[in-house]
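Beneath this line is the structure, given in structure tokens, with notes to follow.
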Amino acid sequence: MLSQGDIDGAMALSVEAGWNQTADDWRLFLRHGTVFGIIEDGALSASAAIMPYGTEIAWISMVLTRKSRRGCGLGTRLLKHCISVVEAEGRTALLDATPAGEVIYRKLGFEGHETFTRWAGTGGGKSPSGAVAPDIPAAITAANQVFGADRTELLANFASRCPDLCRYDPDTGLCAFGRDGSLATQIGPVVGSSPNPDSPGTEALVAALIGGITGSVFMDVADHCTRLAACLAALGFEKQRPFLRMKRGPWLPPGNGSTVAAIAGPEFG
């Protein structure tokens, strides 16, 4: 099991893989979740993390292996250990898989559930204007209800790191969060209490958030949100990669996830 003293080694793994994590992300995993690792010759060779949400589910992510040690089964070994821990706690294990990872996860009993696409672009670089500071506790409560599990620690962390990316409309139930990344600012989760979050309101909110960001932006959008995808394309964003949400266990999100417009990222769900 890794500790805060292993953050430099963990960052080295995610940087080598070209992932978007920061040291703050790793601290969040270590503080509110569990990170397992394999250390060889004093260096971290592989990692895998569990982030519990409420009592029913846990997210498995950050399955990383140093390039020189890939193909040796280290990642699969840690992944299987994470699955056993999650199931021993009586939780459903969830993760967001790339096409390459999907093959491995299906062999381990995971089934596909929802699909998402990462969109990458550039922010407008304008200073935020006219945005009212949200009631962050209310935003977190609403987002938890839509997600179907308690992610208070995660969302409070995002809101403290990037308060300008936190939005909440009590009339529509529309919530948005975001965070800084090593490669790009990530917008998400974006959720709504209505059955269809792919609305003009969501489109306007996302466009406003992007306009206030300087530099690169990532957003992992639910494939059923075609209006939002068209908005991103009009802003010059391009598709980067698909993700398949997979689960091993009985848990299902409210409305089968239909109220989610964008996720927090594959590492956080």
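Starting from 1 in every chain, residues are counted up; chains themselves are A, B, ... following the order of the structure tokens, and ligands are numbered from 1 as listed.
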May I have the residues within 8 Å of Phe147 in chain A as a list in words, using only C-alpha atoms and disregarding those fewer than 5 positions away in the same chain?
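Residues meeting the cut-off are Pro253, Pro254, Gly257 and Val260 of chain A.
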Give me the residues near Glu89 in chain A as a PyMOL selection string, where near means some atom within 12 Å (using only C-alpha atoms) and where sequence neighbours in that chain fewer than 2 positions away do not count.
chain A and resi 50+52+54-58+82-87+91-93+249
Using N, CA, C and O atoms, can you export the residues from the last selection as a PDB file, in the first residue's frame?
```pdb
ATOM      1  N   ILE A  50      -8.073   2.470  -5.551  1.00  0.00           N
ATOM      2  CA  ILE A  50      -9.495   2.279  -5.253  1.00  0.00           C
ATOM      3  C   ILE A  50      -9.997   3.562  -4.601  1.00  0.00           C
ATOM      4  O   ILE A  50      -9.412   4.047  -3.637  1.00  0.00           O
ATOM      5  N   PRO A  52     -13.472   4.705  -2.874  1.00  0.00           N
ATOM      6  CA  PRO A  52     -14.839   4.326  -2.486  1.00  0.00           C
ATOM      7  C   PRO A  52     -15.779   5.520  -2.546  1.00  0.00           C
ATOM      8  O   PRO A  52     -15.407   6.634  -2.163  1.00  0.00           O
ATOM      9  N   GLY A  54     -19.516   6.278  -1.140  1.00  0.00           N
ATOM     10  CA  GLY A  54     -20.610   5.766  -0.333  1.00  0.00           C
ATOM     11  C   GLY A  54     -20.330   4.343   0.121  1.00  0.00           C
ATOM     12  O   GLY A  54     -19.183   3.951   0.329  1.00  0.00           O
ATOM     13  N   THR A  55     -21.398   3.563   0.247  1.00  0.00           N
ATOM     14  CA  THR A  55     -21.267   2.195   0.746  1.00  0.00           C
ATOM     15  C   THR A  55     -21.431   1.127  -0.330  1.00  0.00           C
ATOM     16  O   THR A  55     -21.104  -0.031  -0.095  1.00  0.00           O
ATOM     17  N   GLU A  56     -21.908   1.541  -1.518  1.00  0.00           N
ATOM     18  CA  GLU A  56     -22.261   0.544  -2.529  1.00  0.00           C
ATOM     19  C   GLU A  56     -21.235   0.339  -3.621  1.00  0.00           C
ATOM     20  O   GLU A  56     -21.169  -0.742  -4.206  1.00  0.00           O
ATOM     21  N   ILE A  57     -20.447   1.369  -3.935  1.00  0.00           N
ATOM     22  CA  ILE A  57     -19.552   1.252  -5.082  1.00  0.00           C
ATOM     23  C   ILE A  57     -18.145   1.730  -4.742  1.00  0.00           C
ATOM     24  O   ILE A  57     -17.928   2.434  -3.746  1.00  0.00           O
ATOM     25  N   ALA A  58     -17.209   1.358  -5.594  1.00  0.00           N
ATOM     26  CA  ALA A  58     -15.840   1.874  -5.514  1.00  0.00           C
ATOM     27  C   ALA A  58     -15.276   1.941  -6.922  1.00  0.00           C
ATOM     28  O   ALA A  58     -15.566   1.073  -7.757  1.00  0.00           O
ATOM     29  N   CYS A  82      -7.249  -5.283  -6.375  1.00  0.00           N
ATOM     30  CA  CYS A  82      -8.266  -4.254  -6.142  1.00  0.00           C
ATOM     31  C   CYS A  82      -9.670  -4.840  -6.208  1.00  0.00           C
ATOM     32  O   CYS A  82     -10.534  -4.522  -5.378  1.00  0.00           O
ATOM     33  N   ILE A  83      -9.917  -5.689  -7.192  1.00  0.00           N
ATOM     34  CA  ILE A  83     -11.230  -6.318  -7.328  1.00  0.00           C
ATOM     35  C   ILE A  83     -11.567  -7.125  -6.077  1.00  0.00           C
ATOM     36  O   ILE A  83     -12.690  -7.058  -5.561  1.00  0.00           O
ATOM     37  N   SER A  84     -10.615  -7.873  -5.577  1.00  0.00           N
ATOM     38  CA  SER A  84     -10.870  -8.704  -4.400  1.00  0.00           C
ATOM     39  C   SER A  84     -11.170  -7.847  -3.174  1.00  0.00           C
ATOM     40  O   SER A  84     -12.037  -8.186  -2.363  1.00  0.00           O
ATOM     41  N   VAL A  85     -10.491  -6.707  -3.050  1.00  0.00           N
ATOM     42  CA  VAL A  85     -10.733  -5.810  -1.919  1.00  0.00           C
ATOM     43  C   VAL A  85     -12.125  -5.201  -2.010  1.00  0.00           C
ATOM     44  O   VAL A  85     -12.879  -5.176  -1.026  1.00  0.00           O
ATOM     45  N   VAL A  86     -12.485  -4.720  -3.199  1.00  0.00           N
ATOM     46  CA  VAL A  86     -13.794  -4.094  -3.396  1.00  0.00           C
ATOM     47  C   VAL A  86     -14.922  -5.096  -3.140  1.00  0.00           C
ATOM     48  O   VAL A  86     -15.908  -4.778  -2.456  1.00  0.00           O
ATOM     49  N   GLU A  87     -14.771  -6.287  -3.650  1.00  0.00           N
ATOM     50  CA  GLU A  87     -15.833  -7.285  -3.477  1.00  0.00           C
ATOM     51  C   GLU A  87     -15.912  -7.786  -2.039  1.00  0.00           C
ATOM     52  O   GLU A  87     -16.998  -8.117  -1.562  1.00  0.00           O
ATOM     53  N   ARG A  91     -19.040  -4.175  -2.339  1.00  0.00           N
ATOM     54  CA  ARG A  91     -19.303  -3.079  -3.269  1.00  0.00           C
ATOM     55  C   ARG A  91     -19.275  -3.566  -4.716  1.00  0.00           C
ATOM     56  O   ARG A  91     -18.666  -4.584  -5.035  1.00  0.00           O
ATOM     57  N   THR A  92     -19.915  -2.794  -5.586  1.00  0.00           N
ATOM     58  CA  THR A  92     -19.768  -2.995  -7.024  1.00  0.00           C
ATOM     59  C   THR A  92     -18.528  -2.237  -7.483  1.00  0.00           C
ATOM     60  O   THR A  92     -18.338  -1.073  -7.121  1.00  0.00           O
ATOM     61  N   ALA A  93     -17.679  -2.891  -8.255  1.00  0.00           N
ATOM     62  CA  ALA A  93     -16.475  -2.251  -8.799  1.00  0.00           C
ATOM     63  C   ALA A  93     -16.816  -1.613 -10.140  1.00  0.00           C
ATOM     64  O   ALA A  93     -17.443  -2.233 -10.991  1.00  0.00           O
ATOM     65  N   GLY A 249     -20.686  -6.138 -10.750  1.00  0.00           N
ATOM     66  CA  GLY A 249     -21.577  -6.112  -9.602  1.00  0.00           C
ATOM     67  C   GLY A 249     -22.936  -5.585  -9.997  1.00  0.00           C
ATOM     68  O   GLY A 249     -23.153  -5.164 -11.141  1.00  0.00           O
TER      69      GLY A 249
END
```
Would you mind telling me which residue in A:Ile136, A:Ser199, A:Thr65, A:Leu78 lies nearest to Ala229 in chain A when using only C-alpha atoms?
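Answer, going by the shortest atom-to-atom distance: A:Ser199.
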Which residues in range 164-251 of chain A does DSSP call strand (DSSP E)? List them as a VMD selection string.
chain A and resid 167 to 169 174 to 179 185 to 191 216 to 222 238 to 248
C-alpha atoms of the current selection, written as a PDB file, in the first residue's frame:
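Wrote it out as part.pdb, contents follow:
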```pdb
ATOM      1  CA  ARG A 167     -21.614  26.003 -10.944  1.00  0.00           C
ATOM      2  CA  TYR A 168     -25.071  25.172  -9.608  1.00  0.00           C
ATOM      3  CA  ASP A 169     -28.523  26.222 -10.766  1.00  0.00           C
ATOM      4  CA  LEU A 174     -27.638  21.609 -13.273  1.00  0.00           C
ATOM      5  CA  CYS A 175     -24.214  21.216 -11.618  1.00  0.00           C
ATOM      6  CA  ALA A 176     -20.685  21.562 -12.962  1.00  0.00           C
ATOM      7  CA  PHE A 177     -17.257  21.034 -11.437  1.00  0.00           C
ATOM      8  CA  GLY A 178     -13.724  21.063 -12.789  1.00  0.00           C
ATOM      9  CA  ARG A 179     -10.108  20.725 -11.816  1.00  0.00           C
ATOM     10  CA  THR A 185      -8.007  21.766 -17.266  1.00  0.00           C
ATOM     11  CA  GLN A 186     -10.715  19.108 -16.968  1.00  0.00           C
ATOM     12  CA  ILE A 187     -14.392  20.107 -16.936  1.00  0.00           C
ATOM     13  CA  GLY A 188     -16.549  17.545 -15.179  1.00  0.00           C
ATOM     14  CA  PRO A 189     -18.659  16.196 -13.756  1.00  0.00           C
ATOM     15  CA  VAL A 190     -21.522  18.047 -15.391  1.00  0.00           C
ATOM     16  CA  VAL A 191     -24.901  16.622 -14.365  1.00  0.00           C
ATOM     17  CA  SER A 216      -5.875  23.278 -22.961  1.00  0.00           C
ATOM     18  CA  VAL A 217      -9.219  21.801 -21.901  1.00  0.00           C
ATOM     19  CA  PHE A 218     -10.430  18.200 -21.631  1.00  0.00           C
ATOM     20  CA  MET A 219     -14.048  17.129 -21.321  1.00  0.00           C
ATOM     21  CA  ASP A 220     -15.307  13.530 -21.235  1.00  0.00           C
ATOM     22  CA  VAL A 221     -18.840  13.740 -22.626  1.00  0.00           C
ATOM     23  CA  ALA A 222     -21.593  11.119 -22.559  1.00  0.00           C
ATOM     24  CA  GLU A 238     -11.764  17.491 -31.369  1.00  0.00           C
ATOM     25  CA  LYS A 239     -12.485  13.915 -30.350  1.00  0.00           C
ATOM     26  CA  GLN A 240      -9.499  12.285 -28.692  1.00  0.00           C
ATOM     27  CA  ARG A 241     -10.496   8.849 -27.399  1.00  0.00           C
ATOM     28  CA  PRO A 242     -13.531   6.793 -26.318  1.00  0.00           C
ATOM     29  CA  PHE A 243     -14.216   5.368 -22.860  1.00  0.00           C
ATOM     30  CA  LEU A 244     -16.525   2.539 -21.873  1.00  0.00           C
ATOM     31  CA  ARG A 245     -17.920   2.575 -18.341  1.00  0.00           C
ATOM     32  CA  MET A 246     -17.762  -0.955 -16.994  1.00  0.00           C
ATOM     33  CA  LYS A 247     -18.934  -2.581 -13.803  1.00  0.00           C
ATOM     34  CA  ARG A 248     -18.600  -5.803 -11.921  1.00  0.00           C
TER      35      ARG A 248
END
```
As a PyMOL selection string, please: all residues of range 84-248 of chain A that backbone DSSP puts in alpha helix (DSSP H).
chain A and resi 84-88+99-107+136-147+152-161+200-211+226-234
To one decimal in Å, tell me the separation between CA of Ala139 in chain A and CA of Arg27 in chain A.
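Atom-to-atom, CA of Ala139 in chain A to CA of Arg27 in chain A, that is 23.0 Å.
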Contacts of Gly18 in chain A at 12 Å or less, counting only C-alpha atoms, minus same-chain residues fewer than 2 places along, as a PyMOL selection string?
chain A and resi 11-16+20-22+64+66-67+181-184
Dump as a compact mmCIF listing (two decimals), in the first residue's frame, selection limited to N, CA and C atoms:
```txt
# COMPACT_ATOMS: atom_id res chain seq x y z
N MET A 11 3.63 10.08 -9.56
CA MET A 11 3.60 11.10 -10.61
C MET A 11 4.48 10.69 -11.79
N ALA A 12 5.59 10.07 -11.50
CA ALA A 12 6.47 9.62 -12.58
C ALA A 12 5.75 8.63 -13.48
N LEU A 13 4.93 7.75 -12.89
CA LEU A 13 4.18 6.77 -13.68
C LEU A 13 3.15 7.47 -14.57
N SER A 14 2.38 8.40 -14.00
CA SER A 14 1.33 9.04 -14.79
C SER A 14 1.91 9.98 -15.84
N VAL A 15 3.03 10.63 -15.54
CA VAL A 15 3.67 11.49 -16.54
C VAL A 15 4.20 10.65 -17.70
N GLU A 16 4.83 9.52 -17.38
CA GLU A 16 5.36 8.65 -18.43
C GLU A 16 4.25 8.14 -19.34
N ASN A 20 -3.22 12.90 -17.18
CA ASN A 20 -3.46 14.30 -16.81
C ASN A 20 -3.42 14.57 -15.30
N GLN A 21 -3.00 13.60 -14.51
CA GLN A 21 -3.04 13.77 -13.06
C GLN A 21 -2.00 14.78 -12.57
N THR A 22 -2.33 15.39 -11.44
CA THR A 22 -1.41 16.26 -10.71
C THR A 22 -1.08 15.59 -9.38
N LEU A 64 -1.35 1.61 -13.65
CA LEU A 64 -0.21 2.09 -14.42
C LEU A 64 1.00 1.19 -14.21
N ARG A 66 5.27 1.00 -15.26
CA ARG A 66 6.43 1.62 -15.90
C ARG A 66 6.71 0.95 -17.24
N LYS A 67 7.06 1.74 -18.26
CA LYS A 67 7.23 1.21 -19.62
C LYS A 67 8.16 0.01 -19.66
N GLY A 181 -5.20 20.16 -14.28
CA GLY A 181 -4.51 18.93 -14.64
C GLY A 181 -3.10 19.24 -15.10
N SER A 182 -2.28 18.22 -15.22
CA SER A 182 -0.90 18.42 -15.65
C SER A 182 -0.82 18.75 -17.14
N LEU A 183 -1.83 18.32 -17.90
CA LEU A 183 -1.86 18.58 -19.34
C LEU A 183 -2.94 19.58 -19.73
N ALA A 184 -4.07 19.55 -19.01
CA ALA A 184 -5.21 20.38 -19.39
C ALA A 184 -6.14 20.55 -18.21
```
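The space between CA of Pro163 in chain A and CA of Thr141 in chain A spans 16.3 Å.
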At what distance in Å, to one decimal, does CA of Lys80 in chain A lie from CA of Glu40 in chain A?
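One can read the CA of Glu40 in chain A to CA of Lys80 in chain A distance as 19.2 Å.
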Test item: residues at most 9 Å from Thr152 in chain A, only C-alpha atoms, excluding those fewer than 2 positions along its chain, as a PyMOL selection string
chain A and resi 53+137+140-141+143-144+150+154-157
Print the selection's residues with N, CA, C and O atoms to a file, as a PDB file, in the first residue's frame.
```
ATOM      1  N   TYR A  53     -16.986   5.273  -3.038  1.00  0.00           N
ATOM      2  CA  TYR A  53     -18.034   6.285  -3.053  1.00  0.00           C
ATOM      3  C   TYR A  53     -19.237   5.734  -2.306  1.00  0.00           C
ATOM      4  O   TYR A  53     -19.902   4.802  -2.785  1.00  0.00           O
ATOM      5  N   PRO A 137     -22.050  23.463  -0.989  1.00  0.00           N
ATOM      6  CA  PRO A 137     -22.672  22.290  -0.348  1.00  0.00           C
ATOM      7  C   PRO A 137     -23.936  21.823  -1.073  1.00  0.00           C
ATOM      8  O   PRO A 137     -24.161  20.618  -1.226  1.00  0.00           O
ATOM      9  N   ILE A 140     -22.918  20.044  -4.279  1.00  0.00           N
ATOM     10  CA  ILE A 140     -22.414  18.694  -4.013  1.00  0.00           C
ATOM     11  C   ILE A 140     -23.558  17.741  -3.701  1.00  0.00           C
ATOM     12  O   ILE A 140     -23.598  16.603  -4.202  1.00  0.00           O
ATOM     13  N   THR A 141     -24.518  18.204  -2.893  1.00  0.00           N
ATOM     14  CA  THR A 141     -25.676  17.359  -2.559  1.00  0.00           C
ATOM     15  C   THR A 141     -26.444  16.975  -3.816  1.00  0.00           C
ATOM     16  O   THR A 141     -26.813  15.819  -4.017  1.00  0.00           O
ATOM     17  N   ALA A 143     -25.351  16.948  -6.953  1.00  0.00           N
ATOM     18  CA  ALA A 143     -24.545  16.080  -7.804  1.00  0.00           C
ATOM     19  C   ALA A 143     -24.504  14.655  -7.271  1.00  0.00           C
ATOM     20  O   ALA A 143     -24.534  13.689  -8.046  1.00  0.00           O
ATOM     21  N   ASN A 144     -24.436  14.505  -5.959  1.00  0.00           N
ATOM     22  CA  ASN A 144     -24.446  13.163  -5.361  1.00  0.00           C
ATOM     23  C   ASN A 144     -25.754  12.442  -5.651  1.00  0.00           C
ATOM     24  O   ASN A 144     -25.764  11.233  -5.934  1.00  0.00           O
ATOM     25  N   ASP A 150     -22.202   8.790  -2.775  1.00  0.00           N
ATOM     26  CA  ASP A 150     -21.608   9.930  -2.079  1.00  0.00           C
ATOM     27  C   ASP A 150     -20.188  10.209  -2.580  1.00  0.00           C
ATOM     28  O   ASP A 150     -19.266   9.430  -2.329  1.00  0.00           O
ATOM     29  N   LEU A 154     -14.568  14.102  -3.059  1.00  0.00           N
ATOM     30  CA  LEU A 154     -14.057  14.372  -4.399  1.00  0.00           C
ATOM     31  C   LEU A 154     -14.505  15.745  -4.883  1.00  0.00           C
ATOM     32  O   LEU A 154     -13.682  16.573  -5.323  1.00  0.00           O
ATOM     33  N   LEU A 155     -15.803  16.019  -4.803  1.00  0.00           N
ATOM     34  CA  LEU A 155     -16.340  17.257  -5.345  1.00  0.00           C
ATOM     35  C   LEU A 155     -15.899  18.464  -4.529  1.00  0.00           C
ATOM     36  O   LEU A 155     -15.646  19.546  -5.093  1.00  0.00           O
ATOM     37  N   ALA A 156     -15.791  18.308  -3.212  1.00  0.00           N
ATOM     38  CA  ALA A 156     -15.301  19.408  -2.374  1.00  0.00           C
ATOM     39  C   ALA A 156     -13.850  19.724  -2.725  1.00  0.00           C
ATOM     40  O   ALA A 156     -13.442  20.898  -2.732  1.00  0.00           O
ATOM     41  N   ASN A 157     -13.065  18.697  -3.041  1.00  0.00           N
ATOM     42  CA  ASN A 157     -11.685  18.897  -3.448  1.00  0.00           C
ATOM     43  C   ASN A 157     -11.621  19.688  -4.752  1.00  0.00           C
ATOM     44  O   ASN A 157     -10.850  20.649  -4.882  1.00  0.00           O
TER      45      ASN A 157
END
```
Using only C-alpha atoms, which residue out of A:Ala133, A:Val63, A:Ala10, A:Ala208 lies closest to Ile104 in chain A?
A:Val63
Name all residues at most 9 Å from Thr202 in chain A (count only C-alpha atoms; drop same-chain ones fewer than 2 positions away) and give them as a VMD selection string.
chain A and resid 174 190 to 192 197 to 200 204 to 207 228 261
Near Leu28 in chain A, counting only C-alpha atoms, which residues have an atom at most 10 Å away, once you skip same-chain residues fewer than 4 positions from it, shown as a PyMOL selection string?
chain A and resi 4+22-24+32-34+51+153-154+157
Just write the chosen residues, all heavy atoms, as a tab-separated table (two decimals), in the first residue's frame.
```
chain	number	residue	atom	x	y	z
A	4	GLN	N	1.70	8.94	1.24
A	4	GLN	CA	1.99	10.26	0.71
A	4	GLN	C	3.45	10.39	0.27
A	4	GLN	O	3.77	11.18	-0.62
A	4	GLN	CB	1.66	11.33	1.76
A	4	GLN	CG	0.19	11.40	2.16
A	4	GLN	CD	-0.70	11.98	1.08
A	4	GLN	OE1	-0.26	12.75	0.24
A	4	GLN	NE2	-1.98	11.61	1.09
A	22	THR	N	-2.33	15.39	-11.44
A	22	THR	CA	-1.41	16.26	-10.71
A	22	THR	C	-1.08	15.59	-9.38
A	22	THR	O	-1.71	14.60	-8.98
A	22	THR	CB	-2.04	17.63	-10.42
A	22	THR	OG1	-3.15	17.44	-9.53
A	22	THR	CG2	-2.52	18.30	-11.71
A	23	ALA	N	-0.13	16.17	-8.67
A	23	ALA	CA	0.19	15.66	-7.33
A	23	ALA	C	-1.03	15.76	-6.42
A	23	ALA	O	-1.24	14.91	-5.55
A	23	ALA	CB	1.38	16.44	-6.76
A	24	ASP	N	-1.86	16.81	-6.62
A	24	ASP	CA	-3.08	16.94	-5.80
A	24	ASP	C	-4.04	15.79	-6.05
A	24	ASP	O	-4.74	15.34	-5.12
A	24	ASP	CB	-3.78	18.27	-6.11
A	24	ASP	CG	-3.11	19.46	-5.44
A	24	ASP	OD1	-2.40	19.25	-4.44
A	24	ASP	OD2	-3.29	20.59	-5.93
A	32	HIS	N	-8.29	9.72	0.59
A	32	HIS	CA	-9.68	9.24	0.68
A	32	HIS	C	-9.89	7.88	0.03
A	32	HIS	O	-11.01	7.35	0.07
A	32	HIS	CB	-10.62	10.28	0.05
A	32	HIS	CG	-10.58	11.60	0.74
A	32	HIS	ND1	-10.99	11.77	2.04
A	32	HIS	CD2	-10.13	12.81	0.33
A	32	HIS	CE1	-10.83	13.03	2.40
A	32	HIS	NE2	-10.30	13.68	1.38
A	33	GLY	N	-8.85	7.34	-0.57
A	33	GLY	CA	-8.93	6.01	-1.16
A	33	GLY	C	-7.75	5.18	-0.72
A	33	GLY	O	-7.14	5.43	0.33
A	34	THR	N	-7.43	4.18	-1.53
A	34	THR	CA	-6.29	3.32	-1.26
A	34	THR	C	-5.53	3.11	-2.56
A	34	THR	O	-6.14	2.86	-3.61
A	34	THR	CB	-6.75	1.95	-0.73
A	34	THR	OG1	-7.58	2.14	0.42
A	34	THR	CG2	-5.56	1.08	-0.34
A	51	MET	N	-11.09	4.11	-5.13
A	51	MET	CA	-11.73	5.26	-4.52
A	51	MET	C	-13.17	4.88	-4.17
A	51	MET	O	-14.00	4.68	-5.06
A	51	MET	CB	-11.74	6.45	-5.47
A	51	MET	CG	-12.35	7.71	-4.88
A	51	MET	SD	-11.31	8.48	-3.63
A	51	MET	CE	-10.25	9.48	-4.68
A	153	GLU	N	-16.23	14.11	-0.80
A	153	GLU	CA	-14.81	14.44	-0.67
A	153	GLU	C	-14.21	14.82	-2.02
A	153	GLU	O	-13.44	15.77	-2.14
A	153	GLU	CB	-14.04	13.25	-0.08
A	153	GLU	CG	-14.50	12.83	1.31
A	153	GLU	CD	-14.14	13.86	2.36
A	153	GLU	OE1	-13.38	14.81	2.05
A	153	GLU	OE2	-14.62	13.73	3.51
A	154	LEU	N	-14.57	14.10	-3.06
A	154	LEU	CA	-14.06	14.37	-4.40
A	154	LEU	C	-14.51	15.75	-4.88
A	154	LEU	O	-13.68	16.57	-5.32
A	154	LEU	CB	-14.55	13.29	-5.37
A	154	LEU	CG	-14.18	13.49	-6.84
A	154	LEU	CD1	-12.74	13.06	-7.09
A	154	LEU	CD2	-15.13	12.73	-7.75
A	157	ASN	N	-13.07	18.70	-3.04
A	157	ASN	CA	-11.68	18.90	-3.45
A	157	ASN	C	-11.62	19.69	-4.75
A	157	ASN	O	-10.85	20.65	-4.88
A	157	ASN	CB	-11.00	17.54	-3.59
A	157	ASN	CG	-9.55	17.65	-4.04
A	157	ASN	OD1	-9.26	17.72	-5.22
A	157	ASN	ND2	-8.63	17.65	-3.07
```
Of the residues A:Met62, A:Cys225, A:Val146, A:Met1, which is the one nearest to Leu252 in chain A, using only C-alpha atoms?
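Checking each of A:Met62, A:Cys225, A:Val146, A:Met1 against Leu252 in chain A, counting only C-alpha atoms, the winner is A:Val146.
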Selected residue of minimal separation from His113 in chain A among A:Gly101, A:Leu94, A:Ser45, A:Pro266, counting only C-alpha atoms
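Once distances to His113 in chain A are computed over only C-alpha atoms, the minimum belongs to A:Leu94.
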